[in-house]
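Participant: I am sharing model.pdb, which consists of PDB, C-alpha atoms:
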ATOM      1  CA  MET E   1      71.474 110.459 109.606
ATOM      2  CA  ARG E   2      73.756 107.943 107.844
ATOM      3  CA  TRP E   3      71.607 107.917 104.728
ATOM      4  CA  ASP E   4      71.206 111.682 104.303
ATOM      5  CA  ASN E   5      73.581 111.591 101.349
ATOM      6  CA  LEU E   6      70.961 109.625  99.424
ATOM      7  CA  ARG E   7      68.368 112.377  99.603
ATOM      8  CA  LEU E   8      67.636 114.229  96.422
ATOM      9  CA  ALA E   9      68.899 117.720  95.887
ATOM     10  CA  GLU E  10      65.466 118.586  94.491
ATOM     11  CA  ALA E  11      62.289 116.958  95.708
ATOM     12  CA  GLY E  12      59.890 115.773  93.053
ATOM     13  CA  GLN E  13      56.276 114.702  93.100
ATOM     14  CA  ALA E  14      55.508 111.926  95.527
ATOM     15  CA  ASP E  15      55.105 108.472  94.025
ATOM     16  CA  PRO E  16      53.516 106.159  96.581
ATOM     17  CA  ALA E  17      54.829 103.108  94.715
ATOM     18  CA  ALA E  18      58.468 104.210  94.998
ATOM     19  CA  PRO E  19      60.775 104.073  98.022
ATOM     20  CA  LEU E  20      60.842 107.299 100.012
ATOM     21  CA  PHE E  21      64.403 108.143  98.976
ATOM     22  CA  ALA E  22      63.517 107.814  95.294
ATOM     23  CA  ARG E  23      60.745 110.353  95.067
ATOM     24  CA  GLY E  24      61.798 112.634  92.273
ATOM     25  CA  ALA E  25      64.556 110.263  91.123
ATOM     26  CA  VAL E  26      64.795 109.023  87.561
ATOM     27  CA  THR E  27      63.622 105.418  87.550
ATOM     28  CA  ARG E  28      64.880 103.208  84.718
ATOM     29  CA  THR E  29      64.598  99.659  83.482
ATOM     30  CA  PHE E  30      66.632  98.250  80.598
ATOM     31  CA  ASP E  31      65.411  95.764  78.028
ATOM     32  CA  THR E  32      68.562  93.664  78.032
ATOM     33  CA  PRO E  33      69.069  90.141  79.427
ATOM     34  CA  GLU E  34      71.661  91.146  82.034
ATOM     35  CA  PHE E  35      69.249  93.655  83.595
ATOM     36  CA  ALA E  36      66.033  91.658  83.306
ATOM     37  CA  GLY E  37      63.753  92.318  86.282
ATOM     38  CA  MET E  38      65.960  95.105  87.643
ATOM     39  CA  THR E  39      65.058  98.711  88.435
ATOM     40  CA  PHE E  40      67.605 101.517  88.692
ATOM     41  CA  TYR E  41      66.983 104.652  90.736
ATOM     42  CA  GLU E  42      69.208 107.444  89.463
ATOM     43  CA  ILE E  43      69.680 109.973  92.239
ATOM     44  CA  GLN E  44      71.644 113.142  92.844
ATOM     45  CA  ALA E  45      73.520 112.362  96.063
ATOM     46  CA  ARG E  46      74.524 115.144  98.463
ATOM     47  CA  SER E  47      77.914 113.640  99.272
ATOM     48  CA  ILE E  48      80.005 110.695  98.148
ATOM     49  CA  ILE E  49      82.964 110.286 100.535
ATOM     50  CA  ASN E  50      81.626 108.597 103.647
ATOM     51  CA  ARG E  51      83.319 108.347 107.017
ATOM     52  CA  VAL E  52      83.086 104.860 108.491
ATOM     53  CA  PRO E  53      81.771 104.664 112.074
ATOM     54  CA  GLY E  54      84.552 103.831 114.502
ATOM     55  CA  ALA E  55      82.639 100.830 115.825
ATOM     56  CA  SER E  56      82.837  99.131 112.428
ATOM     57  CA  ARG E  57      86.283  97.649 113.189
ATOM     58  CA  VAL E  58      87.519  97.863 109.611
ATOM     59  CA  PRO E  59      91.041  98.891 108.504
ATOM     60  CA  PHE E  60      89.908 102.029 106.682
ATOM     61  CA  GLU E  61      88.171 105.245 107.643
ATOM     62  CA  TYR E  62      86.651 106.572 104.413
ATOM     63  CA  THR E  63      84.719 104.951 101.585
ATOM     64  CA  ILE E  64      83.122 105.789  98.262
ATOM     65  CA  ASN E  65      80.065 103.763  97.257
ATOM     66  CA  PRO E  66      78.530 104.840  93.939
ATOM     67  CA  TYR E  67      75.801 102.168  94.162
ATOM     68  CA  ARG E  68      73.405 100.724  96.744
ATOM     69  CA  GLY E  69      72.078  97.247  96.165
ATOM     70  CA  CYS E  70      73.954  94.800  93.975
ATOM     71  CA  GLY E  71      73.239  92.763  90.882
ATOM     72  CA  HIS E  72      75.765  90.124  91.946
ATOM     73  CA  ARG E  73      72.889  88.647  93.995
ATOM     74  CA  CYS E  74      75.228  86.901  96.463
ATOM     75  CA  VAL E  75      72.887  85.093  98.829
ATOM     76  CA  TYR E  76      75.136  85.695 101.844
ATOM     77  CA  CYS E  77      75.932  89.407 101.276
ATOM     78  CA  PHE E  78      76.404  91.192 104.606
ATOM     79  CA  ALA E  79      75.271  94.514 103.076
ATOM     80  CA  ARG E  80      71.685  93.351 102.552
ATOM     81  CA  LYS E  81      70.469  94.966 105.760
ATOM     82  CA  THR E  82      71.414  98.424 104.446
ATOM     83  CA  HIS E  83      68.590  98.279 101.901
ATOM     84  CA  GLU E  84      66.057  98.325 104.726
ATOM     85  CA  TYR E  85      67.160 101.859 105.600
ATOM     86  CA  LEU E  86      66.005 102.855 102.103
ATOM     87  CA  ASP E  87      62.471 101.481 102.568
ATOM     88  CA  LEU E  88      63.387  98.393 100.551
ATOM     89  CA  ASP E  89      63.756  94.783 101.660
ATOM     90  CA  ALA E  90      67.034  92.971 102.228
ATOM     91  CA  GLY E  91      66.174  90.109  99.911
ATOM     92  CA  ALA E  92      64.865  90.440  96.354
ATOM     93  CA  ASP E  93      64.923  94.264  96.460
ATOM     94  CA  PHE E  94      68.635  94.284  97.306
ATOM     95  CA  ASP E  95      69.296  92.162  94.228
ATOM     96  CA  ALA E  96      66.998  93.981  91.815
ATOM     97  CA  LYS E  97      66.470  97.598  92.944
ATOM     98  CA  ILE E  98      69.752  99.433  92.544
ATOM     99  CA  VAL E  99      70.428 103.009  93.654
ATOM    100  CA  VAL E 100      72.779 104.797  91.258
ATOM    101  CA  LYS E 101      74.465 108.006  92.428
ATOM    102  CA  VAL E 102      74.810 109.510  88.994
ATOM    103  CA  ASN E 103      76.723 112.564  90.252
ATOM    104  CA  ALA E 104      79.311 110.442  92.115
ATOM    105  CA  ALA E 105      82.304 111.501  89.998
ATOM    106  CA  GLU E 106      81.437 115.196  90.207
ATOM    107  CA  LEU E 107      81.051 114.978  93.982
ATOM    108  CA  ALA E 108      84.295 113.021  94.370
ATOM    109  CA  ARG E 109      86.270 115.689  92.527
ATOM    110  CA  LYS E 110      84.638 118.457  94.586
ATOM    111  CA  GLU E 111      85.133 116.765  97.962
ATOM    112  CA  LEU E 112      88.720 115.707  97.269
ATOM    113  CA  ALA E 113      89.549 119.351  96.489
ATOM    114  CA  ALA E 114      87.897 120.744  99.619
ATOM    115  CA  PRO E 115      90.342 122.440 102.048
ATOM    116  CA  ARG E 116      89.043 120.309 104.925
ATOM    117  CA  TRP E 117      89.860 117.029 103.155
ATOM    118  CA  GLY E 118      93.029 115.474 104.563
ATOM    119  CA  GLY E 119      94.060 113.180 101.715
ATOM    120  CA  HIS E 120      92.987 110.073 103.610
ATOM    121  CA  HIS E 121      92.966 106.612 102.091
ATOM    122  CA  VAL E 122      89.630 105.848 100.383
ATOM    123  CA  ALA E 123      88.338 102.276 100.183
ATOM    124  CA  MET E 124      85.878 101.220  97.472
ATOM    125  CA  GLY E 125      83.853  98.050  97.036
ATOM    126  CA  THR E 126      83.598  97.517 100.774
ATOM    127  CA  ASN E 127      79.790  97.667 100.981
ATOM    128  CA  VAL E 128      78.491  96.655  97.559
ATOM    129  CA  ASP E 129      80.616  96.013  94.499
ATOM    130  CA  CYS E 130      81.526  99.167  92.598
ATOM    131  CA  TYR E 131      82.183  96.966  89.547
ATOM    132  CA  GLN E 132      78.852  95.171  89.511
ATOM    133  CA  ARG E 133      77.176  94.854  86.110
ATOM    134  CA  ALA E 134      75.442  98.232  86.388
ATOM    135  CA  GLU E 135      78.866  99.875  86.175
ATOM    136  CA  GLY E 136      79.162  98.676  82.598
ATOM    137  CA  ARG E 137      76.279 100.990  81.707
ATOM    138  CA  TYR E 138      76.775 103.895  84.110
ATOM    139  CA  ARG E 139      80.603 104.072  84.047
ATOM    140  CA  LEU E 140      80.775 105.997  87.326
ATOM    141  CA  MET E 141      84.114 104.526  88.370
ATOM    142  CA  ARG E 142      86.086 106.096  85.541
ATOM    143  CA  GLY E 143      85.206 109.581  86.747
ATOM    144  CA  ILE E 144      85.854 108.643  90.372
ATOM    145  CA  LEU E 145      89.256 107.137  89.551
ATOM    146  CA  ALA E 146      90.208 110.167  87.471
ATOM    147  CA  ALA E 147      89.350 112.424  90.411
ATOM    148  CA  LEU E 148      91.433 110.308  92.803
ATOM    149  CA  ARG E 149      94.331 110.269  90.331
ATOM    150  CA  ASP E 150      94.235 114.033  89.822
ATOM    151  CA  ALA E 151      94.173 114.571  93.594
ATOM    152  CA  ALA E 152      96.990 112.020  94.087
ATOM    153  CA  ASN E 153      94.765 110.491  96.766
ATOM    154  CA  PRO E 154      95.532 106.934  97.928
ATOM    155  CA  PHE E 155      92.806 104.341  97.428
ATOM    156  CA  SER E 156      91.985 100.647  97.266
ATOM    157  CA  ILE E 157      89.329  98.600  95.492
ATOM    158  CA  LEU E 158      87.763  95.274  96.438
ATOM    159  CA  THR E 159      85.712  93.546  93.750
ATOM    160  CA  LYS E 160      84.265  90.348  92.364
ATOM    161  CA  GLY E 161      83.944  92.060  88.981
ATOM    162  CA  THR E 162      86.177  91.648  85.966
ATOM    163  CA  LEU E 163      85.099  95.078  84.742
ATOM    164  CA  ILE E 164      87.892  96.630  86.797
ATOM    165  CA  LEU E 165      90.254  95.777  83.925
ATOM    166  CA  ARG E 166      88.406  98.280  81.734
ATOM    167  CA  ASP E 167      89.950 100.959  83.959
ATOM    168  CA  LEU E 168      93.476  99.575  84.008
ATOM    169  CA  ASP E 169      94.759 102.725  82.318
ATOM    170  CA  LEU E 170      93.433 104.942  85.110
ATOM    171  CA  LEU E 171      94.661 102.579  87.823
ATOM    172  CA  THR E 172      98.198 102.573  86.480
ATOM    173  CA  GLU E 173      98.175 106.353  86.009
ATOM    174  CA  ALA E 174      97.019 106.786  89.612
ATOM    175  CA  ALA E 175      99.666 104.346  90.836
ATOM    176  CA  ASP E 176     102.316 106.643  89.363
ATOM    177  CA  VAL E 177     101.296 109.437  91.751
ATOM    178  CA  THR E 178      99.838 107.736  94.833
ATOM    179  CA  GLU E 179      99.346 104.420  96.625
ATOM    180  CA  VAL E 180      96.905 102.139  94.809
ATOM    181  CA  SER E 181      95.989  98.578  95.721
ATOM    182  CA  ALA E 182      93.280  96.092  94.859
ATOM    183  CA  GLY E 183      91.730  92.894  96.075
ATOM    184  CA  VAL E 184      89.524  90.339  94.409
ATOM    185  CA  SER E 185      87.011  88.344  96.386
ATOM    186  CA  ALA E 186      87.008  84.611  95.656
ATOM    187  CA  GLY E 187      86.118  82.300  98.499
ATOM    188  CA  PHE E 188      85.945  79.042  96.585
ATOM    189  CA  LEU E 189      86.161  77.499  93.109
ATOM    190  CA  ASP E 190      83.315  74.973  93.250
ATOM    191  CA  GLN E 191      81.281  75.681  90.111
ATOM    192  CA  GLU E 192      77.978  74.334  91.392
ATOM    193  CA  VAL E 193      78.151  76.349  94.602
ATOM    194  CA  TRP E 194      79.234  79.469  92.682
ATOM    195  CA  ARG E 195      76.248  79.319  90.329
ATOM    196  CA  SER E 196      73.896  78.819  93.259
ATOM    197  CA  VAL E 197      75.106  81.421  95.772
ATOM    198  CA  GLU E 198      76.741  84.064  93.528
ATOM    199  CA  PRO E 199      74.569  83.901  90.385
ATOM    200  CA  GLY E 200      75.335  87.412  89.124
ATOM    201  CA  THR E 201      79.112  87.283  89.459
ATOM    202  CA  PRO E 202      81.911  86.348  87.061
ATOM    203  CA  ASN E 203      83.368  82.885  87.421
ATOM    204  CA  PRO E 204      85.782  82.825  90.393
ATOM    205  CA  ARG E 205      88.572  81.634  88.096
ATOM    206  CA  ARG E 206      88.072  84.741  85.980
ATOM    207  CA  ARG E 207      88.453  86.817  89.136
ATOM    208  CA  LEU E 208      91.804  85.190  89.779
ATOM    209  CA  GLU E 209      92.797  86.033  86.221
ATOM    210  CA  VAL E 210      91.966  89.649  87.096
ATOM    211  CA  CYS E 211      94.288  89.382  90.094
ATOM    212  CA  ALA E 212      97.083  88.132  87.839
ATOM    213  CA  THR E 213      96.548  90.921  85.305
ATOM    214  CA  LEU E 214      96.547  93.641  87.943
ATOM    215  CA  ASN E 215      99.763  92.361  89.507
ATOM    216  CA  ASP E 216     101.388  92.015  86.091
ATOM    217  CA  ASN E 217     100.607  95.692  85.515
ATOM    218  CA  GLY E 218     102.020  96.926  88.817
ATOM    219  CA  ILE E 219      98.781  97.135  90.820
ATOM    220  CA  ALA E 220      99.319  95.157  94.010
ATOM    221  CA  CYS E 221      96.392  92.758  94.308
ATOM    222  CA  GLY E 222      95.583  90.174  96.942
ATOM    223  CA  VAL E 223      92.655  87.806  97.394
ATOM    224  CA  LEU E 224      89.940  87.961 100.004
ATOM    225  CA  MET E 225      89.086  84.288 100.307
ATOM    226  CA  ALA E 226      85.565  84.966 101.420
ATOM    227  CA  PRO E 227      83.248  83.663 102.359
ATOM    228  CA  ILE E 228      84.321  80.159 103.222
ATOM    229  CA  LEU E 229      81.011  78.317 103.558
ATOM    230  CA  PRO E 230      80.797  75.715 106.327
ATOM    231  CA  TYR E 231      80.053  72.208 105.012
ATOM    232  CA  LEU E 232      79.909  73.509 101.437
ATOM    233  CA  THR E 233      83.386  74.827 100.576
ATOM    234  CA  ASP E 234      85.494  74.123 103.667
ATOM    235  CA  SER E 235      86.818  70.610 103.071
ATOM    236  CA  PRO E 236      90.619  70.256 103.070
ATOM    237  CA  ALA E 237      90.576  69.397  99.351
ATOM    238  CA  GLN E 238      88.443  72.439  98.483
ATOM    239  CA  LEU E 239      90.594  74.785 100.539
ATOM    240  CA  GLU E 240      93.775  73.476  98.954
ATOM    241  CA  ALA E 241      92.412  73.746  95.405
ATOM    242  CA  THR E 242      91.407  77.358  96.011
ATOM    243  CA  VAL E 243      94.644  78.416  97.679
ATOM    244  CA  LYS E 244      96.712  76.717  94.986
ATOM    245  CA  GLU E 245      95.051  78.756  92.239
ATOM    246  CA  ILE E 246      95.284  81.915  94.335
ATOM    247  CA  ALA E 247      99.041  81.319  94.492
ATOM    248  CA  LEU E 248      99.173  80.836  90.718
ATOM    249  CA  SER E 249      97.422  84.181  90.257
ATOM    250  CA  GLY E 250     100.386  85.934  91.852
ATOM    251  CA  ALA E 251      98.239  87.301  94.681
ATOM    252  CA  THR E 252     100.228  89.395  97.137
ATOM    253  CA  HIS E 253      98.358  87.789 100.030
ATOM    254  CA  VAL E 254      95.284  85.742 100.888
ATOM    255  CA  THR E 255      92.869  86.609 103.696
ATOM    256  CA  PRO E 256      90.352  83.901 104.642
ATOM    257  CA  ILE E 257      87.006  84.889 106.142
ATOM    258  CA  VAL E 258      84.403  82.381 107.260
ATOM    259  CA  LEU E 259      80.776  83.147 106.406
ATOM    260  CA  HIS E 260      79.095  85.502 108.845
ATOM    261  CA  LEU E 261      75.353  85.983 108.991
ATOM    262  CA  ARG E 262      74.276  89.422 110.130
ATOM    263  CA  PRO E 263      70.589  90.389 110.203
ATOM    264  CA  GLY E 264      69.220  90.657 106.687
ATOM    265  CA  ALA E 265      71.782  88.276 105.234
ATOM    266  CA  ARG E 266      70.966  85.692 107.896
ATOM    267  CA  GLU E 267      67.306  85.364 106.950
ATOM    268  CA  TRP E 268      68.019  85.317 103.203
ATOM    269  CA  TRP E 269      70.822  82.738 103.555
ATOM    270  CA  LEU E 270      68.903  80.389 105.857
ATOM    271  CA  GLY E 271      65.905  80.551 103.523
ATOM    272  CA  TRP E 272      68.150  79.541 100.628
ATOM    273  CA  LEU E 273      69.811  76.807 102.696
ATOM    274  CA  SER E 274      66.484  75.304 103.754
ATOM    275  CA  ARG E 275      65.495  74.993 100.087
ATOM    276  CA  GLU E 276      68.800  73.870  98.591
ATOM    277  CA  HIS E 277      70.502  71.965 101.429
ATOM    278  CA  PRO E 278      67.903  71.190 104.118
ATOM    279  CA  ARG E 279      70.125  68.515 105.633
ATOM    280  CA  LEU E 280      72.598  71.238 106.623
ATOM    281  CA  MET E 281      70.080  73.321 108.566
ATOM    282  CA  PRO E 282      70.734  71.636 111.953
ATOM    283  CA  ARG E 283      74.486  72.089 111.519
ATOM    284  CA  TYR E 284      74.102  75.766 110.644
ATOM    285  CA  LEU E 285      71.780  76.405 113.541
ATOM    286  CA  GLU E 286      74.409  74.819 115.762
ATOM    287  CA  LEU E 287      77.182  77.028 114.318
ATOM    288  CA  TYR E 288      75.202  80.274 114.102
ATOM    289  CA  GLY E 289      72.493  79.724 116.714
ATOM    290  CA  ARG E 290      73.993  82.258 119.092
ATOM    291  CA  GLY E 291      74.995  85.022 116.739
ATOM    292  CA  ALA E 292      76.294  86.172 113.394
ATOM    293  CA  TYR E 293      79.674  84.444 113.588
ATOM    294  CA  ALA E 294      80.761  80.816 113.640
ATOM    295  CA  PRO E 295      82.537  79.719 116.839
ATOM    296  CA  LYS E 296      86.068  81.045 117.196
ATOM    297  CA  SER E 297      87.458  77.517 117.301
ATOM    298  CA  TYR E 298      86.046  76.842 113.833
ATOM    299  CA  GLN E 299      87.270  80.167 112.447
ATOM    300  CA  GLN E 300      90.734  79.634 113.877
ATOM    301  CA  ARG E 301      90.954  76.121 112.434
ATOM    302  CA  ILE E 302      90.031  77.325 108.947
ATOM    303  CA  SER E 303      92.422  80.279 109.152
ATOM    304  CA  ALA E 304      95.272  78.010 110.254
ATOM    305  CA  GLN E 305      94.609  75.644 107.350
ATOM    306  CA  VAL E 306      94.639  78.485 104.838
ATOM    307  CA  ARG E 307      97.829  79.972 106.313
ATOM    308  CA  GLU E 308      99.593  76.618 106.041
ATOM    309  CA  LEU E 309      98.369  76.121 102.476
ATOM    310  CA  ALA E 310      99.412  79.639 101.513
ATOM    311  CA  GLU E 311     102.907  78.986 102.800
ATOM    312  CA  ARG E 312     103.093  75.642 101.048
ATOM    313  CA  HIS E 313     101.974  77.010  97.682
ATOM    314  CA  GLY E 314     103.902  80.255  97.896
ATOM    315  CA  VAL E 315     101.208  82.897  98.118
ATOM    316  CA  GLY E 316     102.949  86.254  98.242
ATOM    317  CA  ARG E 317     106.154  85.039  96.685
ATOM    318  CA  ALA E 318     106.435  86.903  93.391
ATOM    319  CA  THR E 319     106.284  84.753  90.280
ATOM    320  CA  PRO E 320     107.418  86.120  86.897
ATOM    321  CA  ALA E 321     104.414  86.837  84.715
ATOM    322  CA  THR E 322     105.812  84.722  81.892
ATOM    323  CA  ALA E 323     105.970  81.680  84.176
ATOM    324  CA  ARG E 324     102.592  82.155  85.854
ATOM    325  CA  ARG E 325      99.641  80.440  84.233
ATOM    326  CA  LEU E 326      96.286  79.681  85.794
ATOM    327  CA  PRO E 327      94.797  76.269  84.983
ATOM    328  CA  PRO E 328      92.036  76.409  82.367
ATOM    329  CA  ARG E 329      88.487  76.577  83.622
ATOM    330  CA  ARG E 330      86.778  73.193  83.654
ATOM    331  CA  ASN E 331      83.941  74.507  81.528
ATOM    332  CA  PRO E 332      84.812  77.795  79.820
ATOM    333  CA  ALA E 333      81.263  78.142  78.518
ATOM    334  CA  ALA E 334      79.733  78.040  81.986
ATOM    335  CA  GLY E 335      78.720  81.391  83.343
ATOM    336  CA  PRO E 336      80.025  84.908  82.824
TER     337      PRO E 336
END
What do you get writing this file as structure tokens?
Facilitator:
Amino acid sequence: MRWDNLRLAEAGQADPAAPLFARGAVTRTFDTPEFAGMTFYEIQARSIINRVPGASRVPFEYTINPYRGCGHRCVYCFARKTHEYLDLDAGADFDAKIVVKVNAAELARKELAAPRWGGHHVAMGTNVDCYQRAEGRYRLMRGILAALRDAANPFSILTKGTLILRDLDLLTEAADVTEVSAGVSAGFLDQEVWRSVEPGTPNPRRRLEVCATLNDNGIACGVLMAPILPYLTDSPAQLEATVKEIALSGATHVTPIVLHLRPGAREWWLGWLSREHPRLMPRYLELYGRGAYAPKSYQQRISAQVRELAERHGVGRATPATARRLPPRRNPAAGP
């Protein structure tokens, strides 16, 4: 079973109020504003390096995910459905009930040293963000990165979190012995949309500053321009503003991805849309009425626009760090 690695090494007393996987886990809440209303289930996972099913059509084969659920609370998150396999819901539970694999670093070191391990590339942040706010308390990534560094095992990280810069020392040490790359996810710069659909994330301009810092320190970092939200962040002016600042960040590349609405995310997103932008509901039902993805013609049009803008603004053309400066945020006091 895909979720066997979430079972506890030792079963505890049954708690009918807790999810099945969490029986015997340590359940914590923290009396701090950033974790208000959140519950953390600290578990002893059985394994930490996961093989990705071949049908997933992703450019990597192995992942490490120290958390399940995500405090970023992105309304559109494709990973929401995975919470249902844990006897939790894909909506509010995904945002507020976080599984923490407290033995992740220990398992990573053990599995990377196993004779059967082939030194494959490991991708992180591909399901939920490994640098979500919980990482500031649990600090699991430092142990995981140290294990990857010591094994000289290639890896990549995708994140919306600025906390990755805390581990810049480990990233640069690992880059001395193996292939290390990073990506930041920033689909748009619109401040109103950001606050509404990504309420637990750092400001997208701060994410681009992370991209600049990583590249300045020798960690190749591109930008996943995702998701591009139809009728909300896809105007020519919005696309150009975003790509222009991505270029200024020194990003090695930009990859645009239009919003997709898989089960779990679909219901949560459409519920949000009906409350916040009811006038857009007919348009979204037209775009996504037949499946999770917008029509290919729409996707291709957006991708072509971003490619042209990237070429025009020089994304991928190295800019000396001393000459590269991101524009100031419009309201530095707004948001994390």
Participant: Of the candidates E:Thr82, E:Tyr231, E:Ala152, E:Glu245, which shows the shortest atom-to-atom distance to Arg283 in chain E, using all atoms listed in the file?
Facilitator: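 Nearest candidate to Arg283 in chain E out of E:Thr82, E:Tyr231, E:Ala152, E:Glu245: E:Tyr231.
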Participant: Take the point (94.9, 75.3, 96.2) in the file's coordinates, draw a sphere of radius 12 Å around it, and report as number ranges by chain every protein, DNA or RNA residue with an atom inside or on it, counting all atoms listed in the file.
Facilitator: E: 187-190, 225, 235-249, 254, 305-315, 326-327
Participant: Translate the PyMOL selection byres ((chain E and resi 61) around 7), as applied to the file shown, into an explicit residue set as a ChimeraX atom specification.
Facilitator: /E:51-52,60,62-63
Participant: Could you list the residues chosen by the PyMOL selection byres ((chain E and resi 255) around 8) in this structure as a VMD selection string?
Facilitator: chain E and resid 223 to 226 253 to 254 256 to 257
Participant: Starting from the PyMOL selection byres ((chain E and resi 218-220) around 8), expand the selection into actual residues of this file and give them as a ChimeraX atom specification.
Facilitator: /E:171-172,175,180-182,214-217,221-222,251-252
Participant: Closest to Ala90 in chain E among E:Arg279, E:His121, E:Asn103, E:Pro263, using only C-alpha atoms?
Facilitator: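 Counting only C-alpha atoms, the residue closest to Ala90 in chain E is E:Pro263.
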